[in-house]
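Text of coords.txt, listed as compact mmCIF, C-alpha atoms:
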```
# COMPACT_ATOMS: atom_id res chain seq x y z
CA MET A 1 3.75 -16.51 -10.96
CA ILE A 2 3.27 -13.70 -13.47
CA LYS A 3 3.51 -10.38 -11.71
CA VAL A 4 2.69 -7.98 -14.55
CA SER A 5 0.80 -8.34 -17.80
CA VAL A 6 1.71 -5.77 -20.45
CA ILE A 7 -0.89 -5.25 -23.16
CA LEU A 8 0.62 -3.96 -26.38
CA PRO A 9 -1.87 -3.11 -29.16
CA ILE A 10 -0.17 -3.12 -32.55
CA TYR A 11 -1.39 -1.53 -35.75
CA ASN A 12 1.00 -0.48 -38.53
CA VAL A 13 3.84 0.52 -36.20
CA GLY A 14 6.60 -1.65 -37.64
CA PRO A 15 9.33 1.02 -37.52
CA TYR A 16 8.84 1.48 -33.76
CA LEU A 17 8.52 -2.10 -32.55
CA ASP A 18 12.23 -2.74 -32.05
CA ASP A 19 12.31 0.08 -29.49
CA ALA A 20 9.10 -1.03 -27.79
CA PHE A 21 9.94 -4.74 -27.56
CA LYS A 22 13.53 -4.14 -26.43
CA SER A 23 12.29 -1.91 -23.62
CA LEU A 24 9.94 -4.70 -22.50
CA ILE A 25 12.03 -7.87 -22.81
CA ASN A 26 14.91 -6.17 -20.97
CA GLN A 27 12.83 -5.10 -17.97
CA THR A 28 14.57 -5.74 -14.65
CA LEU A 29 11.34 -7.40 -13.50
CA GLN A 30 11.46 -10.78 -15.20
CA ASP A 31 8.10 -12.25 -14.13
CA ILE A 32 6.04 -10.53 -16.80
CA GLU A 33 4.02 -11.45 -19.85
CA ILE A 34 3.75 -9.34 -22.99
CA ILE A 35 0.40 -9.66 -24.74
CA ALA A 36 0.88 -8.31 -28.26
CA VAL A 37 -2.41 -7.78 -30.07
CA ASN A 38 -2.02 -7.47 -33.82
CA ASP A 39 -5.07 -5.37 -34.61
CA GLY A 40 -5.20 -6.16 -38.31
CA ALA A 41 -1.89 -4.51 -39.19
CA THR A 42 -1.19 -4.26 -42.92
CA ASP A 43 2.52 -3.41 -42.66
CA ASN A 44 5.39 -5.60 -41.42
CA SER A 45 4.37 -5.40 -37.75
CA GLN A 46 3.74 -9.17 -37.57
CA GLU A 47 7.32 -9.84 -38.68
CA TYR A 48 8.57 -7.92 -35.65
CA ILE A 49 6.17 -9.77 -33.35
CA ASP A 50 7.39 -13.11 -34.70
CA LYS A 51 11.02 -12.03 -34.37
CA TYR A 52 10.64 -11.16 -30.70
CA LYS A 53 8.45 -14.17 -29.92
CA THR A 54 11.39 -16.29 -31.07
CA ILE A 55 13.71 -14.37 -28.75
CA ASP A 56 11.42 -14.29 -25.70
CA SER A 57 8.80 -16.89 -24.77
CA ARG A 58 7.02 -14.39 -22.49
CA ILE A 59 5.51 -12.77 -25.59
CA LYS A 60 2.03 -13.92 -26.62
CA CYS A 61 0.51 -12.86 -29.93
CA ILE A 62 -3.20 -12.49 -30.63
CA LYS A 63 -4.32 -11.62 -34.15
CA GLN A 64 -7.64 -10.04 -34.98
CA ASN A 65 -9.35 -7.93 -37.61
CA ASN A 66 -8.96 -4.24 -36.99
CA GLN A 67 -11.07 -3.07 -34.05
CA GLY A 68 -9.18 0.06 -33.06
CA LEU A 69 -7.14 0.75 -29.95
CA SER A 70 -9.99 0.03 -27.51
CA GLY A 71 -10.85 -3.25 -29.21
CA ALA A 72 -7.22 -4.37 -29.15
CA ARG A 73 -6.85 -3.55 -25.46
CA ASN A 74 -10.11 -5.31 -24.62
CA THR A 75 -8.95 -8.40 -26.49
CA GLY A 76 -5.64 -8.35 -24.63
CA MET A 77 -7.45 -8.16 -21.30
CA LYS A 78 -9.05 -11.55 -21.99
CA TYR A 79 -5.61 -13.18 -21.72
CA ILE A 80 -4.24 -11.48 -18.59
CA GLN A 81 -2.61 -13.81 -16.07
CA GLY A 82 -0.64 -11.25 -14.05
CA GLU A 83 -1.36 -9.55 -10.74
CA TYR A 84 -1.07 -6.12 -12.34
CA VAL A 85 -1.65 -4.77 -15.83
CA TYR A 86 0.09 -2.08 -17.83
CA PHE A 87 -1.30 -0.74 -21.12
CA MET A 88 1.61 0.36 -23.29
CA ASP A 89 1.52 2.22 -26.58
CA SER A 90 3.48 0.34 -29.22
CA ASP A 91 5.46 3.38 -30.36
CA ASP A 92 6.62 4.33 -26.85
CA ILE A 93 9.69 3.27 -24.88
CA LEU A 94 9.52 2.05 -21.26
CA GLU A 95 12.39 2.64 -18.84
CA LEU A 96 14.00 -0.70 -18.00
CA ASN A 97 13.29 -0.55 -14.27
CA ALA A 98 9.75 0.78 -14.63
CA LEU A 99 7.75 -2.39 -14.03
CA GLU A 100 9.92 -3.48 -11.11
CA ILE A 101 9.53 -0.15 -9.32
CA CYS A 102 5.81 0.00 -10.04
CA TYR A 103 5.26 -3.59 -8.87
CA THR A 104 7.24 -3.08 -5.65
CA ASN A 105 5.43 0.18 -4.91
CA ALA A 106 2.00 -1.30 -5.65
CA LYS A 107 2.62 -4.43 -3.54
CA ASN A 108 4.09 -2.55 -0.59
CA ASN A 109 1.15 -0.12 -0.52
CA GLU A 110 -1.55 -2.58 -1.64
CA ALA A 111 -2.39 0.01 -4.29
CA ASP A 112 -5.19 -0.33 -6.80
CA VAL A 113 -3.53 2.19 -9.11
CA CYS A 114 -0.06 3.70 -9.32
CA LEU A 115 0.47 6.83 -11.41
CA PHE A 116 3.72 8.09 -12.89
CA ASP A 117 4.91 10.57 -15.52
CA ALA A 118 6.50 10.66 -18.98
CA ASP A 119 8.94 12.50 -21.20
CA ILE A 120 7.94 13.49 -24.73
CA PHE A 121 9.99 13.18 -27.87
CA TYR A 122 8.96 14.15 -31.40
CA GLU A 123 9.21 12.42 -34.72
CA LYS A 124 10.24 14.63 -37.63
CA ASN A 125 7.33 16.78 -38.85
CA ALA A 126 5.15 15.93 -35.84
CA SER A 127 3.10 18.79 -34.43
CA THR A 128 4.20 20.05 -31.02
CA ILE A 129 1.64 19.40 -28.29
CA PRO A 130 0.99 22.24 -25.82
CA TRP A 131 1.15 20.13 -22.67
CA ASP A 132 3.45 17.78 -20.83
CA TYR A 133 3.10 14.67 -18.67
CA ASP A 134 4.72 15.90 -15.46
CA ARG A 135 2.69 16.09 -12.22
CA SER A 136 5.66 16.16 -9.86
CA SER A 137 4.90 19.74 -8.78
CA ALA A 138 1.44 18.74 -7.59
CA LEU A 139 1.64 15.16 -6.30
CA LYS A 140 3.77 13.66 -3.55
CA GLU A 141 5.31 10.23 -3.72
CA GLY A 142 4.28 8.03 -0.79
CA ASN A 143 0.94 9.73 -0.22
CA LYS A 144 -2.21 7.67 -0.45
CA TYR A 145 -4.83 9.40 -2.58
CA ASN A 146 -8.59 9.07 -2.59
CA GLY A 147 -9.71 8.83 -6.21
CA GLU A 148 -12.47 11.44 -6.17
CA GLU A 149 -10.38 13.91 -4.21
CA LEU A 150 -7.42 13.35 -6.53
CA PHE A 151 -9.51 13.65 -9.70
CA ASN A 152 -11.11 16.84 -8.40
CA TYR A 153 -7.73 18.31 -7.45
CA LEU A 154 -6.07 17.52 -10.78
CA ILE A 155 -8.94 19.11 -12.68
CA ASP A 156 -8.70 22.23 -10.49
CA ILE A 157 -4.99 22.67 -11.21
CA GLN A 158 -5.30 21.69 -14.90
CA LEU A 159 -3.10 18.60 -14.50
CA HIS A 160 -5.53 15.78 -15.17
CA LYS A 161 -3.86 13.27 -17.52
CA ALA A 162 -6.21 10.63 -18.88
CA VAL A 163 -3.73 8.51 -20.83
CA VAL A 164 -3.61 4.94 -19.54
CA TRP A 165 0.10 4.50 -20.25
CA LEU A 166 0.71 6.57 -17.09
CA GLN A 167 -1.13 4.00 -14.96
CA PHE A 168 -0.11 0.72 -13.33
CA ILE A 169 -3.29 -1.11 -12.34
CA LYS A 170 -4.15 -4.00 -10.06
CA TRP A 171 -5.92 -6.61 -12.18
CA ASP A 172 -8.28 -7.71 -9.39
CA TYR A 173 -9.42 -4.10 -9.01
CA LEU A 174 -10.07 -3.72 -12.72
CA LYS A 175 -12.10 -6.93 -12.73
CA LYS A 176 -14.04 -5.86 -9.65
CA ILE A 177 -15.22 -2.62 -11.25
CA HIS A 178 -15.93 -4.36 -14.60
CA LEU A 179 -14.10 -1.69 -16.56
CA ASN A 180 -12.98 -1.99 -20.14
CA PHE A 181 -12.42 0.38 -23.06
CA TYR A 182 -15.26 2.01 -24.98
CA GLN A 183 -14.99 0.96 -28.62
CA GLY A 184 -15.55 2.96 -31.77
CA ILE A 185 -14.06 6.26 -30.61
CA ILE A 186 -10.73 8.00 -30.22
CA HIS A 187 -9.96 9.67 -26.87
CA GLU A 188 -11.13 6.44 -25.22
CA ASP A 189 -8.85 7.07 -22.23
CA GLU A 190 -10.99 10.09 -21.31
CA HIS A 191 -13.82 7.62 -20.76
CA PHE A 192 -11.72 4.96 -19.01
CA THR A 193 -9.64 6.96 -16.55
CA PRO A 194 -12.38 8.84 -14.65
CA GLN A 195 -14.08 5.50 -13.97
CA LEU A 196 -10.77 3.96 -12.91
CA LEU A 197 -9.93 6.73 -10.45
CA LEU A 198 -13.38 7.44 -9.03
CA GLN A 199 -13.94 3.93 -7.69
CA THR A 200 -10.94 3.63 -5.38
CA ASN A 201 -9.38 5.42 -2.43
CA ASN A 202 -6.11 3.57 -2.90
CA ILE A 203 -3.97 5.46 -5.43
CA TYR A 204 -0.26 6.21 -5.20
CA TYR A 205 2.03 8.44 -7.25
CA ILE A 206 5.58 7.48 -8.24
CA ASN A 207 7.72 10.51 -9.01
CA LYS A 208 9.43 9.00 -12.05
CA LYS A 209 9.21 9.53 -15.80
CA PHE A 210 8.99 5.89 -16.82
CA ILE A 211 7.79 6.43 -20.39
CA LYS A 212 9.39 8.10 -23.35
CA HIS A 213 6.28 9.05 -25.27
CA ARG A 214 6.72 9.41 -29.00
CA VAL A 215 4.59 11.96 -30.87
CA ARG A 216 4.38 10.89 -34.49
CA SER A 217 3.33 12.90 -37.52
CA SER A 218 0.75 10.17 -38.23
CA SER A 219 -0.47 9.65 -34.67
CA ILE A 220 -3.80 10.90 -33.32
CA GLN A 221 -1.96 13.60 -31.39
CA GLY A 222 0.10 14.54 -34.42
CA LYS A 223 -2.93 15.07 -36.68
CA SER A 224 -4.94 18.24 -37.05
CA TYR A 225 -8.18 18.66 -35.12
CA SER A 226 -11.37 17.42 -36.79
CA LYS A 227 -15.07 16.97 -36.14
CA ARG A 228 -14.27 13.37 -35.20
CA ASN A 229 -12.30 14.60 -32.20
CA ILE A 230 -15.25 16.68 -31.04
CA ASN A 231 -17.82 13.95 -31.64
CA CYS A 232 -15.76 11.42 -29.71
CA TYR A 233 -15.38 13.78 -26.74
CA LEU A 234 -19.16 14.33 -26.81
CA THR A 235 -19.64 10.55 -26.72
CA VAL A 236 -17.28 10.34 -23.73
CA ILE A 237 -19.40 12.85 -21.80
CA ASP A 238 -22.64 11.13 -22.88
CA GLU A 239 -21.40 7.80 -21.54
CA LEU A 240 -19.89 9.14 -18.32
CA LEU A 241 -23.14 10.90 -17.44
CA LYS A 242 -25.01 7.64 -18.05
CA TRP A 243 -22.56 5.97 -15.68
CA ARG A 244 -22.76 8.57 -12.93
CA ASP A 245 -24.73 11.80 -13.09
CA THR A 246 -22.76 13.41 -10.25
CA PRO A 247 -21.12 16.79 -9.56
CA ILE A 248 -17.62 15.50 -10.30
CA ILE A 249 -18.69 14.22 -13.74
CA HIS A 250 -20.37 17.56 -14.47
CA LYS A 251 -17.15 19.29 -13.44
CA PHE A 252 -15.15 17.03 -15.73
CA ALA A 253 -17.59 17.74 -18.57
CA LYS A 254 -17.01 21.48 -18.18
CA TYR A 255 -13.23 21.01 -17.90
CA THR A 256 -13.21 18.90 -21.06
CA LEU A 257 -15.78 20.46 -23.38
CA SER A 258 -14.69 24.04 -22.77
CA LYS A 259 -11.24 23.07 -24.10
CA VAL A 260 -12.61 20.85 -26.87
CA PHE A 261 -14.80 23.57 -28.37
CA TYR A 262 -12.18 26.27 -27.87
CA THR A 263 -9.78 24.14 -29.92
CA GLY A 264 -12.61 23.23 -32.27
CA HIS A 265 -12.37 26.60 -34.04
CA GLN A 266 -9.79 24.81 -36.24
CA ILE A 267 -12.31 22.57 -37.99
CA PRO A 268 -13.88 23.63 -41.32
CA PHE A 269 -16.81 26.00 -40.85
CA LYS A 270 -19.17 23.72 -42.75
CA GLU A 271 -18.59 20.99 -40.11
CA LYS A 272 -19.34 23.23 -37.14
CA PRO A 273 -23.17 23.32 -37.17
CA ALA A 274 -23.59 19.55 -36.78
CA VAL A 275 -21.25 19.12 -33.80
CA PHE A 276 -22.49 22.29 -32.09
CA TRP A 277 -26.11 21.24 -32.58
CA ARG A 278 -25.33 17.84 -31.07
CA ALA A 279 -23.84 19.53 -28.00
CA LEU A 280 -26.76 21.96 -27.77
CA LYS A 281 -29.36 19.16 -27.96
CA SER A 282 -27.53 17.31 -25.20
CA GLY A 283 -27.66 20.35 -22.92
CA TYR A 284 -23.90 20.82 -22.97
CA LEU A 285 -23.74 24.55 -23.71
CA LYS A 286 -23.37 25.10 -19.95
CA TYR A 287 -20.15 23.06 -20.09
CA ILE A 288 -18.77 24.69 -23.24
CA GLY A 289 -19.20 28.22 -21.90
CA LEU A 290 -19.71 31.50 -23.72
CA LYS A 291 -16.02 32.21 -24.35
CA SER A 292 -15.32 28.83 -25.94
CA ALA A 293 -18.53 29.04 -27.98
CA ILE A 294 -17.53 32.43 -29.39
CA VAL A 295 -14.03 31.21 -30.20
CA PHE A 296 -15.45 28.07 -31.82
CA TRP A 297 -17.62 30.08 -34.19
CA PHE A 298 -15.58 33.20 -34.89
CA LYS A 299 -11.84 32.60 -34.42
CA LYS A 300 -10.00 31.94 -37.66
```
Let me see the structure of the file written as structure tokens.
Amino acid sequence: MIKVSVILPIYNVGPYLDDAFKSLINQTLQDIEIIAVNDGATDNSQEYIDKYKTIDSRIKCIKQNNQGLSGARNTGMKYIQGEYVYFMDSDDILELNALEICYTNAKNNEADVCLFDADIFYEKNASTIPWDYDRSSALKEGNKYNGEELFNYLIDIQLHKAVVWLQFIKWDYLKKIHLNFYQGIIHEDEHFTPQLLLQTNNIYYINKKFIKHRVRSSSIQGKSYSKRNINCYLTVIDELLKWRDTPIIHKFAKYTLSKVFYTGHQIPFKEKPAVFWRALKSGYLKYIGLKSAIVFWFKK
């Protein structure tokens, strides 16, 4: 029986695949499958996939034309045979006991979702990010968390982390709520994670940093802010409000868009009217707030 399915989207990450695959095939939990989705890579990524498929029969490879991170993850989900699923970034490194500890914890607690933390390391010339992935000061291992209460709490203390590579998820739960990744945007985890958390009262936290998260100079996080970032966040809020027009989603919209537009002062001035007008037409000025709006327009 396959206990854990790992979905590994791959697009032009050849230099990092040795690290990623080694951290997966050497997991202490042996009953896993690794679903590598080649999302139209144009570098030598497929050579690495083939190399590790020869070494380890637990690796499956699916090839497709480029559909972006969401499309690759959604494709991978079609092939899941495990009890639990983990979405890994192909340039990250997973601690060798991570899946075993997560699986044991999830089974013992009958958890729908287990959360954990990460360490960050930087590639040369990558921009430093002004946050971390450590919630150990706020969450207690062994506690059972209600999703809405947890989501609300993490927003209040500014520790909400949307990234899916900090989540270990029961596959039956994911199927039950019919959740997949919204395609055509970046920041897709901001759309996925609220829906994941808000539909369960069965969440546990594991006080471990299981992931070494690489920040690359060419990654989304390593690139400068652009109007695309803002437009994709606006799409996230549009879609979440279609899903549930509730106080917690409104709170999340304020938490998110106030930061997005504060940071948005970095984009070229000529690009500002279109994204601000989109937010204004959608009635989102109440989420952006006066301070962030002023910074957006006038900070240089």
Q. Residues around (-8.8, 4.8, -3.3), cut-off 6 Å, counting all atoms listed in the file - what are they as an MDAnalysis selection string?
A. chainID A and resid 146:147 200:203
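You will find atom CA of A:Val37 at 25.4 Å from atom CA of A:Tyr233.
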Wanna dump the stretch 171-282 of chain A-stretch 76-81 of chain A contacts at 12 Å for me, each residue with its shortest atom pair and the distance in Å to one decimal, counting all atoms listed in the file, ordered by chain and number, as CSV?
```
residue,atom,partner,partner_atom,distance
A:Trp171,CA,A:Ile80,CA,8.2
A:Asp172,CA,A:Gln81,CA,10.7
A:Leu174,CA,A:Met77,CA,10.0
A:Lys175,CA,A:Met77,CA,9.8
A:His178,CA,A:Met77,CA,11.5
A:Leu179,CA,A:Met77,CA,10.4
A:Asn180,CA,A:Met77,CA,8.4
A:Phe181,CA,A:Met77,CA,10.0
```
Keeping only C-alpha atoms, write the selected residues to a file as a CSV table (one decimal), in the frame of the given file.
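What follows is the written file out17.csv:
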```csv
chain,number,residue,atom,x,y,z
A,171,TRP,CA,-5.9,-6.6,-12.2
A,172,ASP,CA,-8.3,-7.7,-9.4
A,174,LEU,CA,-10.1,-3.7,-12.7
A,175,LYS,CA,-12.1,-6.9,-12.7
A,178,HIS,CA,-15.9,-4.4,-14.6
A,179,LEU,CA,-14.1,-1.7,-16.6
A,180,ASN,CA,-13.0,-2.0,-20.1
A,181,PHE,CA,-12.4,0.4,-23.1
```
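Residues of protein, DNA and RNA with at least one atom no farther than 12 Å from (-18.0, 29.3, -23.0) are, using all atoms listed in the file, Lys254, Tyr255, Thr256, Leu257, Ser258, Lys259, Val260, Phe261, Tyr262, Thr263, Tyr284, Leu285, Lys286, Tyr287, Ile288, Gly289, Leu290, Lys291, Ser292, Ala293, Ile294, Val295, Phe296 and Trp297 of chain A.
Distances here use all atoms listed in the file; by that measure, the residue among A:Leu29, A:Ser226, A:Ile34, A:Ile120 closest to A:Glu100 is A:Leu29.
Proximity of A:Leu198, A:Ile186, A:Val163, A:Leu24 to A:Ile230, computed with all atoms listed in the file, is greatest for A:Ile186.
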Q: May I ask for the distance between atom CA of A:Glu123 and atom CA of A:Leu166, given in Å to one decimal place?
A: 20.4 Å
**Q.** Minimum-distance residue to A:Ala98, chosen among A:Thr246, A:Asn66, A:Thr54, A:Gln30 (using only C-alpha atoms)
**A.** A:Gln30
Could you write stretch 185-196 of chain A as a CSV table (one decimal), in the frame of the given file, with all heavy atoms rebuilt where they are missing?
```
chain,number,residue,atom,x,y,z
A,185,ILE,N,-14.4,4.8,-30.7
A,185,ILE,CA,-14.1,6.3,-30.6
A,185,ILE,C,-12.5,6.4,-30.5
A,185,ILE,O,-11.9,5.4,-30.2
A,185,ILE,CB,-14.7,6.9,-29.4
A,185,ILE,CG1,-14.3,6.3,-28.1
A,185,ILE,CG2,-16.3,6.9,-29.5
A,185,ILE,CD1,-14.7,7.0,-26.8
A,186,ILE,N,-12.1,7.6,-30.7
A,186,ILE,CA,-10.7,8.0,-30.2
A,186,ILE,C,-10.9,8.8,-28.9
A,186,ILE,O,-12.1,9.0,-28.5
A,186,ILE,CB,-10.0,8.9,-31.3
A,186,ILE,CG1,-10.8,10.1,-31.7
A,186,ILE,CG2,-9.6,8.0,-32.5
A,186,ILE,CD1,-10.1,11.0,-32.7
A,187,HIS,N,-9.9,9.1,-28.2
A,187,HIS,CA,-10.0,9.7,-26.9
A,187,HIS,C,-10.7,8.7,-25.9
A,187,HIS,O,-11.3,9.2,-24.9
A,187,HIS,CB,-10.7,11.0,-26.9
A,187,HIS,CG,-10.1,12.0,-27.9
A,187,HIS,ND1,-8.8,12.4,-27.9
A,187,HIS,CD2,-10.7,12.6,-29.0
A,187,HIS,CE1,-8.6,13.2,-28.9
A,187,HIS,NE2,-9.7,13.3,-29.6
A,188,GLU,N,-10.5,7.4,-26.1
A,188,GLU,CA,-11.1,6.4,-25.2
A,188,GLU,C,-10.6,6.5,-23.8
A,188,GLU,O,-11.3,6.2,-22.8
A,188,GLU,CB,-11.0,5.0,-25.8
A,188,GLU,CG,-9.5,4.6,-26.0
A,188,GLU,CD,-8.9,5.2,-27.2
A,188,GLU,OE1,-9.4,5.1,-28.3
A,188,GLU,OE2,-7.8,5.8,-27.1
A,189,ASP,N,-9.4,7.0,-23.6
A,189,ASP,CA,-8.8,7.1,-22.2
A,189,ASP,C,-9.6,8.1,-21.4
A,189,ASP,O,-9.6,8.0,-20.2
A,189,ASP,CB,-7.4,7.4,-22.3
A,189,ASP,CG,-6.5,6.3,-22.9
A,189,ASP,OD1,-7.0,5.2,-23.1
A,189,ASP,OD2,-5.3,6.5,-23.0
A,190,GLU,N,-10.2,9.1,-22.0
A,190,GLU,CA,-11.0,10.1,-21.3
A,190,GLU,C,-12.2,9.5,-20.7
A,190,GLU,O,-12.8,10.0,-19.8
A,190,GLU,CB,-11.4,11.2,-22.2
A,190,GLU,CG,-10.2,12.0,-22.8
A,190,GLU,CD,-9.5,12.9,-21.8
A,190,GLU,OE1,-10.0,13.0,-20.7
A,190,GLU,OE2,-8.5,13.5,-22.2
A,191,HIS,N,-12.7,8.4,-21.3
A,191,HIS,CA,-13.8,7.6,-20.8
A,191,HIS,C,-13.4,6.6,-19.7
A,191,HIS,O,-14.0,6.4,-18.7
A,191,HIS,CB,-14.5,6.9,-21.9
A,191,HIS,CG,-15.6,6.0,-21.5
A,191,HIS,ND1,-15.5,4.6,-21.3
A,191,HIS,CD2,-16.9,6.3,-21.2
A,191,HIS,CE1,-16.7,4.1,-20.9
A,191,HIS,NE2,-17.6,5.1,-20.9
A,192,PHE,N,-12.2,6.0,-19.9
A,192,PHE,CA,-11.7,5.0,-19.0
A,192,PHE,C,-11.2,5.5,-17.7
A,192,PHE,O,-11.6,5.0,-16.6
A,192,PHE,CB,-10.6,4.2,-19.7
A,192,PHE,CG,-10.0,3.1,-19.0
A,192,PHE,CD1,-10.4,1.8,-19.2
A,192,PHE,CD2,-8.9,3.3,-18.1
A,192,PHE,CE1,-9.9,0.7,-18.5
A,192,PHE,CE2,-8.3,2.2,-17.5
A,192,PHE,CZ,-8.8,0.9,-17.6
A,193,THR,N,-10.4,6.5,-17.7
A,193,THR,CA,-9.6,7.0,-16.6
A,193,THR,C,-10.5,7.6,-15.4
A,193,THR,O,-10.3,7.2,-14.3
A,193,THR,CB,-8.5,7.9,-17.0
A,193,THR,OG1,-7.6,7.2,-17.8
A,193,THR,CG2,-7.8,8.5,-15.8
A,194,PRO,N,-11.5,8.4,-15.7
A,194,PRO,CA,-12.4,8.8,-14.6
A,194,PRO,C,-13.0,7.7,-13.9
A,194,PRO,O,-13.1,7.7,-12.7
A,194,PRO,CB,-13.4,9.7,-15.4
A,194,PRO,CG,-12.7,10.2,-16.6
A,194,PRO,CD,-11.9,9.1,-17.0
A,195,GLN,N,-13.5,6.7,-14.6
A,195,GLN,CA,-14.1,5.5,-14.0
A,195,GLN,C,-13.1,4.7,-13.2
A,195,GLN,O,-13.4,4.2,-12.1
A,195,GLN,CB,-14.7,4.6,-15.0
A,195,GLN,CG,-15.9,5.3,-15.7
A,195,GLN,CD,-16.5,4.4,-16.8
A,195,GLN,OE1,-17.2,3.4,-16.5
A,195,GLN,NE2,-16.2,4.6,-18.0
A,196,LEU,N,-11.8,4.6,-13.6
A,196,LEU,CA,-10.8,4.0,-12.9
A,196,LEU,C,-10.5,4.7,-11.6
A,196,LEU,O,-10.4,4.0,-10.5
A,196,LEU,CB,-9.5,3.9,-13.8
A,196,LEU,CG,-8.3,3.2,-13.1
A,196,LEU,CD1,-8.5,1.7,-13.2
A,196,LEU,CD2,-7.0,3.7,-13.8
```
